[in-house]
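Listing of run-v2.cif; format and content: mmCIF, C-alpha atoms.
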data_protein
loop_
_atom_site.label_atom_id
_atom_site.label_comp_id
_atom_site.auth_asym_id
_atom_site.auth_seq_id
_atom_site.Cartn_x
_atom_site.Cartn_y
_atom_site.Cartn_z
CA MET A 1 137.05 128.43 59.29
CA ALA A 2 135.01 125.28 59.83
CA SER A 3 133.49 123.58 56.80
CA ILE A 4 129.75 122.83 56.51
CA LEU A 5 130.61 119.13 56.55
CA ASP A 6 132.41 119.56 59.87
CA CYS A 7 129.46 121.50 61.32
CA THR A 8 126.95 118.84 60.28
CA LYS A 9 129.08 116.10 61.79
CA ILE A 10 129.61 118.04 65.00
CA GLN A 11 125.94 118.99 65.39
CA ASP A 12 124.85 115.37 64.89
CA GLY A 13 126.95 114.44 67.90
CA LEU A 14 125.99 117.41 70.11
CA SER A 15 123.23 115.57 71.95
CA GLU A 16 125.67 112.84 72.95
CA PHE A 17 128.30 115.47 73.73
CA ILE A 18 125.89 117.09 76.21
CA ASP A 19 125.22 113.70 77.80
CA GLY A 20 128.93 112.95 78.04
CA ARG A 21 128.67 109.92 75.81
CA LEU A 22 131.42 110.76 73.32
CA THR A 23 134.86 109.23 73.54
CA LEU A 24 137.62 111.48 74.91
CA GLU A 25 138.93 111.98 71.39
CA GLN A 26 135.50 112.87 69.97
CA SER A 27 134.77 115.13 72.90
CA GLU A 28 138.05 117.05 72.50
CA ALA A 29 137.44 117.41 68.75
CA THR A 30 133.95 118.76 69.45
CA GLN A 31 135.24 121.24 72.03
CA ALA A 32 137.94 122.43 69.63
CA HIS A 33 135.31 122.92 66.92
CA LEU A 34 132.97 124.80 69.25
CA ARG A 35 135.75 127.21 70.15
CA SER A 36 136.23 128.09 66.50
CA CYS A 37 132.63 127.95 65.23
CA ALA A 38 130.12 130.41 66.70
CA VAL A 39 127.14 128.78 64.95
CA CYS A 40 127.77 125.31 66.39
CA ALA A 41 128.62 126.82 69.77
CA GLN A 42 125.22 128.52 69.85
CA VAL A 43 123.40 125.31 68.86
CA ALA A 44 125.26 123.43 71.60
CA GLU A 45 124.38 126.08 74.18
CA GLU A 46 120.70 126.09 73.17
CA LEU A 47 120.46 122.30 73.30
CA LYS A 48 122.10 122.32 76.71
CA GLN A 49 119.65 124.91 77.99
CA THR A 50 116.70 123.02 76.50
CA THR A 51 117.75 119.88 78.32
CA ARG A 52 118.09 121.84 81.57
CA LEU A 53 114.65 123.39 81.11
CA LEU A 54 113.04 119.95 81.40
CA ALA A 55 113.94 120.08 85.08
CA PHE A 56 111.30 122.80 85.46
CA LEU A 57 108.55 120.37 84.56
CA PRO A 58 106.12 119.81 87.42
CA ARG A 59 106.41 116.31 88.83
CA PRO A 60 102.97 114.71 88.66
CA GLU A 61 102.01 112.27 91.40
CA PRO A 62 99.42 109.51 91.38
CA SER A 63 96.36 109.99 93.57
CA ALA A 64 96.49 109.39 97.33
CA SER A 65 94.19 106.40 96.90
CA PHE A 66 96.49 104.70 94.37
CA GLU A 67 97.50 101.80 96.63
CA GLN A 68 93.94 101.33 97.84
CA LYS A 69 92.62 101.08 94.27
CA LEU A 70 95.43 98.72 93.33
CA ALA A 71 94.67 96.48 96.30
CA ALA A 72 91.00 96.37 95.22
CA ARG A 73 92.04 95.35 91.70
CA LEU A 74 94.30 92.61 93.02
CA ALA A 75 91.79 91.28 95.55
CA GLY A 76 91.35 87.53 95.18
CA GLN A 77 94.56 87.12 93.19
CA ALA A 78 97.43 85.43 94.93
CA LEU A 79 101.02 86.43 94.28
CA ARG A 80 102.21 83.29 92.57
CA PRO A 81 105.58 82.03 93.73
CA LYS A 82 108.26 81.24 91.17
CA PRO A 83 108.22 77.49 90.42
CA THR A 84 111.31 75.64 91.60
CA THR A 85 110.56 71.92 91.27
CA LEU A 86 109.87 70.20 87.94
CA GLY A 87 106.24 69.62 88.91
CA GLU A 88 105.76 73.31 89.75
CA LYS A 89 107.44 74.37 86.52
CA LEU A 90 105.17 72.05 84.52
CA SER A 91 102.16 73.34 86.39
CA ALA A 92 103.21 76.95 85.71
CA TRP A 93 103.77 76.13 82.06
CA TRP A 94 100.36 74.45 81.85
CA SER A 95 98.64 77.45 83.40
CA ARG A 96 100.11 79.90 80.88
CA PRO A 97 97.33 81.42 78.78
CA ARG A 98 98.26 80.10 75.36
CA VAL A 99 99.49 76.68 76.32
CA ARG A 100 96.16 74.86 76.70
CA PRO A 101 94.65 75.94 73.37
CA ALA A 102 97.95 75.13 71.65
CA VAL A 103 98.09 71.65 73.20
CA ALA A 104 94.40 71.02 72.39
CA SER A 105 94.97 72.04 68.76
CA GLY A 106 98.03 69.82 68.56
CA LEU A 107 96.14 66.81 69.93
CA ALA A 108 93.22 67.42 67.56
CA LEU A 109 95.61 67.54 64.62
CA ALA A 110 97.37 64.38 65.81
CA ALA A 111 93.99 62.61 66.07
CA LEU A 112 93.15 63.61 62.52
CA VAL A 113 96.30 62.08 61.05
CA PRO A 114 95.18 58.38 61.12
CA VAL A 115 91.73 59.35 59.84
CA VAL A 116 93.25 61.17 56.93
CA VAL A 117 95.66 58.33 56.23
CA PHE A 118 92.92 55.69 56.39
CA PHE A 119 90.09 57.35 54.49
CA VAL A 120 91.78 59.66 52.12
CA ARG A 121 93.80 57.25 50.05
CA PRO A 122 95.73 58.50 47.17
CA THR A 123 93.80 58.24 43.92
CA PRO A 124 95.07 55.39 41.72
CA LYS A 125 97.21 56.41 38.91
CA SER A 126 95.52 56.45 35.56
CA PRO A 127 96.35 53.29 33.53
CA LEU A 128 98.99 53.57 30.96
CA PRO A 129 97.58 54.41 27.60
CA VAL A 130 97.01 51.30 25.52
CA PRO A 131 99.19 51.49 22.52
CA THR A 132 97.15 51.55 19.43
CA ILE A 133 97.74 48.61 17.28
CA THR A 134 98.51 49.73 13.92
CA GLU A 135 97.54 47.56 11.12
CA ASN A 136 100.45 45.64 9.91
CA THR A 137 99.71 43.26 7.19
CA GLU A 138 103.08 41.58 7.34
CA VAL A 139 102.68 40.71 10.99
CA GLU A 140 99.15 39.44 10.43
CA GLN A 141 100.31 37.33 7.59
CA ALA A 142 103.17 35.86 9.61
CA LEU A 143 100.79 35.16 12.48
CA ASP A 144 98.35 33.39 10.19
CA GLU A 145 101.07 31.24 8.78
CA HIS A 146 102.35 30.43 12.24
CA LEU A 147 98.90 29.44 13.49
CA SER A 148 98.15 27.33 10.48
CA ALA A 149 101.47 25.55 10.81
CA LYS A 150 100.76 24.83 14.48
CA ALA A 151 97.23 23.65 13.66
CA SER A 152 98.54 21.38 10.93
CA GLU A 153 100.93 19.85 13.41
CA ALA A 154 98.06 19.13 15.77
CA PHE A 155 95.59 17.80 13.23
CA GLY A 156 97.97 16.57 10.63
CA ASP A 157 96.00 18.03 7.74
CA SER A 158 95.01 21.33 6.17
CA SER A 159 92.07 21.80 8.51
CA GLY A 160 94.52 23.62 10.75
CA LEU A 161 94.52 26.55 8.39
CA LEU A 162 90.74 26.68 8.54
CA LEU A 163 90.76 26.52 12.37
CA ALA A 164 93.37 29.26 12.58
CA SER A 165 91.28 31.47 10.31
CA ALA A 166 88.17 30.72 12.37
CA SER A 167 89.88 31.60 15.69
CA ARG A 168 91.18 34.91 14.36
CA THR A 169 87.78 35.75 12.93
CA SER A 170 86.10 35.14 16.29
CA GLU A 171 88.67 37.29 18.06
CA LEU A 172 88.04 40.15 15.72
CA MET B 1 132.55 112.38 92.86
CA ALA B 2 129.04 112.90 91.55
CA LEU B 3 129.53 110.04 89.15
CA ALA B 4 130.73 107.76 91.95
CA HIS B 5 127.72 108.74 94.05
CA PHE B 6 125.39 108.01 91.14
CA TRP B 7 127.09 104.70 90.48
CA ASN B 8 126.90 103.61 94.12
CA ARG B 9 123.29 104.67 94.35
CA GLY B 10 122.51 102.75 91.15
CA VAL B 11 124.22 99.59 92.36
CA ALA B 12 122.52 99.82 95.74
CA THR B 13 119.12 100.25 94.12
CA MET B 14 119.77 97.38 91.76
CA THR B 15 120.73 95.10 94.65
CA THR B 16 117.66 96.02 96.60
CA ASP B 17 115.44 95.61 93.57
CA THR B 18 116.88 92.16 93.03
CA ALA B 19 116.25 91.26 96.65
CA LEU B 20 112.69 92.58 96.48
CA ILE B 21 112.00 90.63 93.31
CA ALA B 22 113.37 87.48 94.92
CA ARG B 23 111.00 88.00 97.85
CA CYS B 24 108.08 88.67 95.48
CA GLN B 25 108.86 85.42 93.71
CA LYS B 26 108.39 83.69 97.05
CA ALA B 27 104.90 85.26 97.25
CA ASP B 28 105.92 88.03 99.68
CA VAL B 29 103.22 90.69 99.21
CA ALA B 30 105.07 93.21 101.41
CA ALA B 31 107.96 93.18 98.92
CA PHE B 32 105.50 93.79 96.09
CA ASN B 33 104.05 96.79 97.95
CA GLU B 34 107.55 98.15 98.44
CA ILE B 35 108.21 97.96 94.71
CA VAL B 36 104.92 99.77 94.05
CA GLY B 37 105.90 102.51 96.49
CA ARG B 38 109.30 102.85 94.87
CA TYR B 39 108.23 102.97 91.23
CA LYS B 40 104.67 104.29 91.11
CA GLY B 41 105.82 107.92 90.82
CA ARG B 42 108.22 107.30 87.95
CA ILE B 43 105.85 105.07 86.02
CA TYR B 44 102.97 107.48 86.60
CA GLY B 45 105.16 110.44 85.53
CA TYR B 46 106.13 108.68 82.30
CA LEU B 47 102.55 107.67 81.53
CA TYR B 48 101.29 111.15 82.36
CA ARG B 49 103.69 112.62 79.80
CA MET B 50 102.63 110.01 77.26
CA THR B 51 98.85 110.15 77.71
CA GLY B 52 98.54 113.80 78.66
CA ASN B 53 95.95 113.29 81.39
CA ALA B 54 95.91 112.18 84.99
CA GLU B 55 93.04 109.72 84.72
CA ASP B 56 94.52 107.63 81.89
CA ALA B 57 97.95 107.80 83.50
CA GLU B 58 96.60 106.49 86.81
CA ASP B 59 94.64 103.66 85.15
CA LEU B 60 97.63 102.58 83.10
CA THR B 61 99.98 102.79 86.08
CA GLN B 62 97.62 100.50 88.00
CA GLU B 63 97.64 98.13 85.05
CA VAL B 64 101.46 98.08 84.99
CA PHE B 65 101.53 96.82 88.58
CA VAL B 66 98.68 94.38 87.99
CA ARG B 67 100.72 92.87 85.14
CA MET B 68 103.81 92.84 87.27
CA TYR B 69 101.87 91.07 90.03
CA SER B 70 100.61 88.33 87.75
CA HIS B 71 103.89 87.85 85.85
CA ILE B 72 106.42 88.25 88.63
CA HIS B 73 107.42 84.58 88.46
CA SER B 74 108.58 85.03 84.84
CA PHE B 75 110.91 87.93 85.68
CA ARG B 76 114.56 87.05 85.15
CA ALA B 77 116.90 88.04 87.96
CA GLU B 78 119.55 89.48 85.64
CA ALA B 79 117.11 91.97 84.07
CA SER B 80 116.52 95.50 85.38
CA LEU B 81 113.24 96.00 87.20
CA SER B 82 112.85 99.61 86.06
CA THR B 83 113.45 98.64 82.43
CA TRP B 84 110.86 95.88 82.76
CA LEU B 85 108.26 98.21 84.29
CA PHE B 86 108.82 100.98 81.73
CA ARG B 87 108.55 98.42 78.98
CA ILE B 88 105.19 97.21 80.29
CA ALA B 89 104.10 100.87 80.53
CA GLY B 90 105.21 101.59 76.96
CA ASN B 91 103.35 98.56 75.62
CA LEU B 92 100.23 99.58 77.50
CA CYS B 93 100.40 103.02 75.88
CA VAL B 94 100.45 101.45 72.44
CA ASP B 95 97.55 99.11 73.38
CA ALA B 96 95.55 102.05 74.76
CA PHE B 97 96.03 103.95 71.54
CA ARG B 98 94.86 101.02 69.43
CA ARG B 99 91.85 100.45 71.69
CA LYS B 100 90.80 104.09 71.54
CA LYS B 101 91.26 104.16 67.80
CA LYS B 102 89.00 101.12 67.46
CA GLU B 103 86.36 102.44 69.85
CA ARG B 104 86.07 105.81 68.21
CA GLY B 105 86.62 104.76 64.64
CA VAL B 106 88.19 108.11 63.98
CA VAL B 107 91.36 109.32 65.61
CA SER B 108 91.02 112.71 67.18
CA SER B 109 93.87 115.14 66.88
CA LEU B 110 94.58 114.72 70.59
CA ASP B 111 94.99 110.96 70.32
CA ALA B 112 96.97 111.26 67.14
CA THR B 113 99.58 113.21 68.99
CA LEU B 114 99.53 111.23 72.17
CA PHE B 115 99.59 107.73 70.83
CA SER B 116 100.30 107.87 67.13
CA ASP B 117 102.71 105.24 65.88
CA ASP B 118 103.82 107.50 63.11
CA GLU B 119 107.09 109.08 64.10
CA ASP B 120 106.83 111.67 61.38
CA SER B 121 103.30 112.59 62.34
CA SER B 122 102.86 116.31 62.21
CA ALA B 123 99.55 116.24 64.12
CA THR B 124 99.84 118.36 67.21
CA ARG B 125 97.81 119.20 70.27
CA ASP B 126 96.06 122.48 70.60
CA VAL B 127 98.60 124.17 72.83
CA PRO B 128 99.61 127.79 73.21
CA ASP B 129 102.11 129.03 70.70
CA LEU B 130 105.26 129.78 72.61
CA LYS B 131 106.76 131.76 69.79
CA ALA B 132 104.00 134.31 70.19
CA ALA B 133 104.55 134.67 73.93
CA PRO B 134 105.94 138.01 75.14
CA GLU B 135 109.44 137.94 76.47
CA ILE B 136 108.74 138.28 80.14
CA LEU B 137 109.96 136.45 83.17
CA PHE B 138 107.72 133.49 83.84
CA SER B 139 107.18 131.92 87.20
CA ARG B 140 108.45 128.40 87.59
CA LYS B 141 104.92 127.05 87.36
CA GLU B 142 104.14 128.94 84.18
CA LEU B 143 107.40 127.89 82.60
CA GLY B 144 106.64 124.28 83.58
CA GLY B 145 103.30 124.54 81.81
CA GLN B 146 104.93 125.85 78.65
CA ILE B 147 107.54 123.08 78.66
CA GLU B 148 104.78 120.54 79.23
CA ALA B 149 102.93 121.90 76.20
CA ALA B 150 106.07 121.80 74.05
CA LEU B 151 106.70 118.21 75.12
CA ALA B 152 103.13 117.25 74.25
CA LYS B 153 103.68 118.51 70.72
CA LEU B 154 106.41 115.95 70.08
CA PRO B 155 105.60 112.76 68.20
CA PRO B 156 105.16 109.96 70.81
CA LYS B 157 108.32 108.05 69.97
CA LEU B 158 110.49 111.15 70.36
CA ARG B 159 108.61 112.16 73.50
CA SER B 160 109.02 108.72 75.04
CA ALA B 161 112.79 108.74 74.43
CA VAL B 162 113.37 112.23 75.83
CA VAL B 163 111.10 111.68 78.86
CA LEU B 164 112.82 108.40 79.69
CA HIS B 165 116.26 109.99 79.39
CA ASP B 166 115.99 113.58 80.55
CA ILE B 167 113.23 113.18 83.15
CA GLU B 168 113.33 109.57 84.32
CA GLY B 169 117.10 109.28 84.01
CA LEU B 170 117.32 106.08 81.99
CA ALA B 171 120.54 105.45 80.07
CA TYR B 172 120.48 105.20 76.26
CA GLU B 173 121.04 101.44 76.53
CA GLU B 174 118.11 101.05 78.93
CA ILE B 175 115.84 103.02 76.58
CA ALA B 176 116.90 100.76 73.70
CA GLU B 177 115.83 97.82 75.89
CA VAL B 178 112.54 99.46 76.88
CA GLU B 179 111.63 100.45 73.32
CA LYS B 180 113.20 97.37 71.70
CA VAL B 181 115.03 99.50 69.15
CA PRO B 182 118.73 99.77 68.20
CA LEU B 183 120.93 102.15 70.18
CA GLY B 184 121.37 104.36 67.11
CA THR B 185 117.61 104.89 66.97
CA VAL B 186 117.59 106.01 70.60
CA LYS B 187 120.39 108.50 69.90
CA SER B 188 118.60 110.01 66.93
CA ARG B 189 115.26 110.15 68.77
CA ILE B 190 116.77 112.01 71.72
CA PHE B 191 118.65 114.37 69.41
CA ASN B 192 115.57 115.09 67.26
CA ALA B 193 113.39 115.57 70.35
CA ARG B 194 115.81 118.14 71.78
CA VAL B 195 116.06 119.99 68.49
CA ALA B 196 112.24 120.15 68.27
CA LEU B 197 111.95 121.27 71.89
CA ARG B 198 114.58 123.94 71.32
CA GLU B 199 112.44 125.40 68.53
CA GLN B 200 109.36 125.40 70.75
CA LEU B 201 111.13 126.84 73.78
CA ARG B 202 113.33 129.36 72.00
CA PRO B 203 111.66 132.35 73.75
CA TYR B 204 112.85 130.96 77.09
CA LEU B 205 116.45 130.33 76.12
CA GLU B 206 119.08 132.83 77.16
CA ALA B 207 120.69 134.64 74.30
#

Would you give me this structure, written as structure tokens?
Amino acid sequence: MASILDCTKIQDGLSEFIDGRLTLEQSEATQAHLRSCAVCAQVAEELKQTTRLLAFLPRPEPSASFEQKLAARLAGQALRPKPTTLGEKLSAWWSRPRVRPAVASGLALAALVPVVVFFVRPTPKSPLPVPTITENTEVEQALDEHLSAKASEAFGDSSGLLLASASRTSEL
Amino acid sequence: MALAHFWNRGVATMTTDTALIARCQKADVAAFNEIVGRYKGRIYGYLYRMTGNAEDAEDLTQEVFVRMYSHIHSFRAEASLSTWLFRIAGNLCVDAFRRKKKERGVVSSLDATLFSDDEDSSATRDVPDLKAAPEILFSRKELGGQIEAALAKLPPKLRSAVVLHDIEGLAYEEIAEVEKVPLGTVKSRIFNARVALREQLRPYLEA
């Protein structure tokens, strides 16, 4: 008694069995199964008959004027020989329908590259943020003392302190 | 014996095809005409089964040879001429479907069956119901008409596979090349087409 699993497997391969495409081993297994399973044997027979029936199909033929119409359609077109030399191959390549637009697009893009490089310069980077000077009284005091000392050295008197104060005031 | 005959015939045809192509590629128009004479019937038969009418089939067959004429220089010698021609024919079928769909805006039920890309499409042509036919002996012509109708009911991808194999005699591998699908897909398409045809033609099968 064949199992349903066996039947499914066998029936899946029946089309190839009919066409003689199974291996010898598969074919013998199928034949053995068909001898013991009436259901699969009937399916195989029906598929075989169906395939044979296709031979009864009428064979349609093109019209008697087929060649004449074809010749009219091809009038003015030469049968192009296969290119053999490099020049002929290049010429054949150049005459292919999509080659010219592709080459033209490529050249146009290539021409655009220097224009883009020249005119569209990268935008300068934004300057670094200026650090905010926090008020620092100690630093200011040290700076004042330093400036007054330097001024005193130059003028040799206390007017340096006045000059240093004046310069800082004007800066502020 | 039969296999050897088939093999020899196949090899001989292949050799001659190759020679004809070589002559075509040297701009020999007589060789082109010979190829047309050799293949027009098979290509027309395939396109007739796919389009369902003589006028479209003839136009598309003409177009196949026009394309062959203008692209003969790009044909590779190691390829099979019949596979190449059937492939052009198959592509033209798909193009024709798309064009008709665009022109009409709406797909009629006839077109849906003939050209639909949907393998699972259940749209069918308005053909006689074989199951309702009385069990009488049909003449060969009548039986042919019924088989034709059953074939037309198949989704296009299944129809194409079974026509190429069972009518035009292409091998599974050649069909895979024509349709640009894996071999497994060809197997399942042929199997499913036969199962569907069996259902349609059951009244004509011997018990």

Closest to chain B among A:Ala104, A:Leu90, A:Val113, A:Ala55, using all atoms listed in the file?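 Checking each candidate against chain B, we get A:Ala55 as the closest.
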
Pick out the chain A residues within 7 Å of chain B. Count only C-alpha atoms. Give them as a ChimeraX atom specification. /A:15,46-47,49-51,54,56-62,70,74,79-82

For Ile175 of chain B: contacts at 8 Å, all atoms listed in the file, fewer than 2 positions along chain excluded, given as a ChimeraX atom specification: /B:83,161,164-165,170-173,177-180,186

What is the atom CA of Leu92 of chain B to atom CA of Arg67 of chain B distance in Å? 10.2 Å

Find the distance between atom CA of Lys48 of chain A and atom CA of Ser27 of chain A and write it in Å to one decimal. 15.1 Å

Can you measure atom CA of Leu24 of chain A to atom CA of Ile10 of chain A for me? One decimal in Å is fine. 14.3 Å

Residue nearest Glu78 of chain B - candidates B:Met50, B:Val94, B:Ala19, B:Ile35, atoms counted: only C-alpha atoms: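 Looking at the shortest contact to Glu78 of chain B, the residue is B:Ala19.
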
Between A:Glu67, A:Glu145, A:Glu138, A:Asp6, which has the minimum distance to His33 of chain A (counting all atoms listed in the file)? A:Asp6
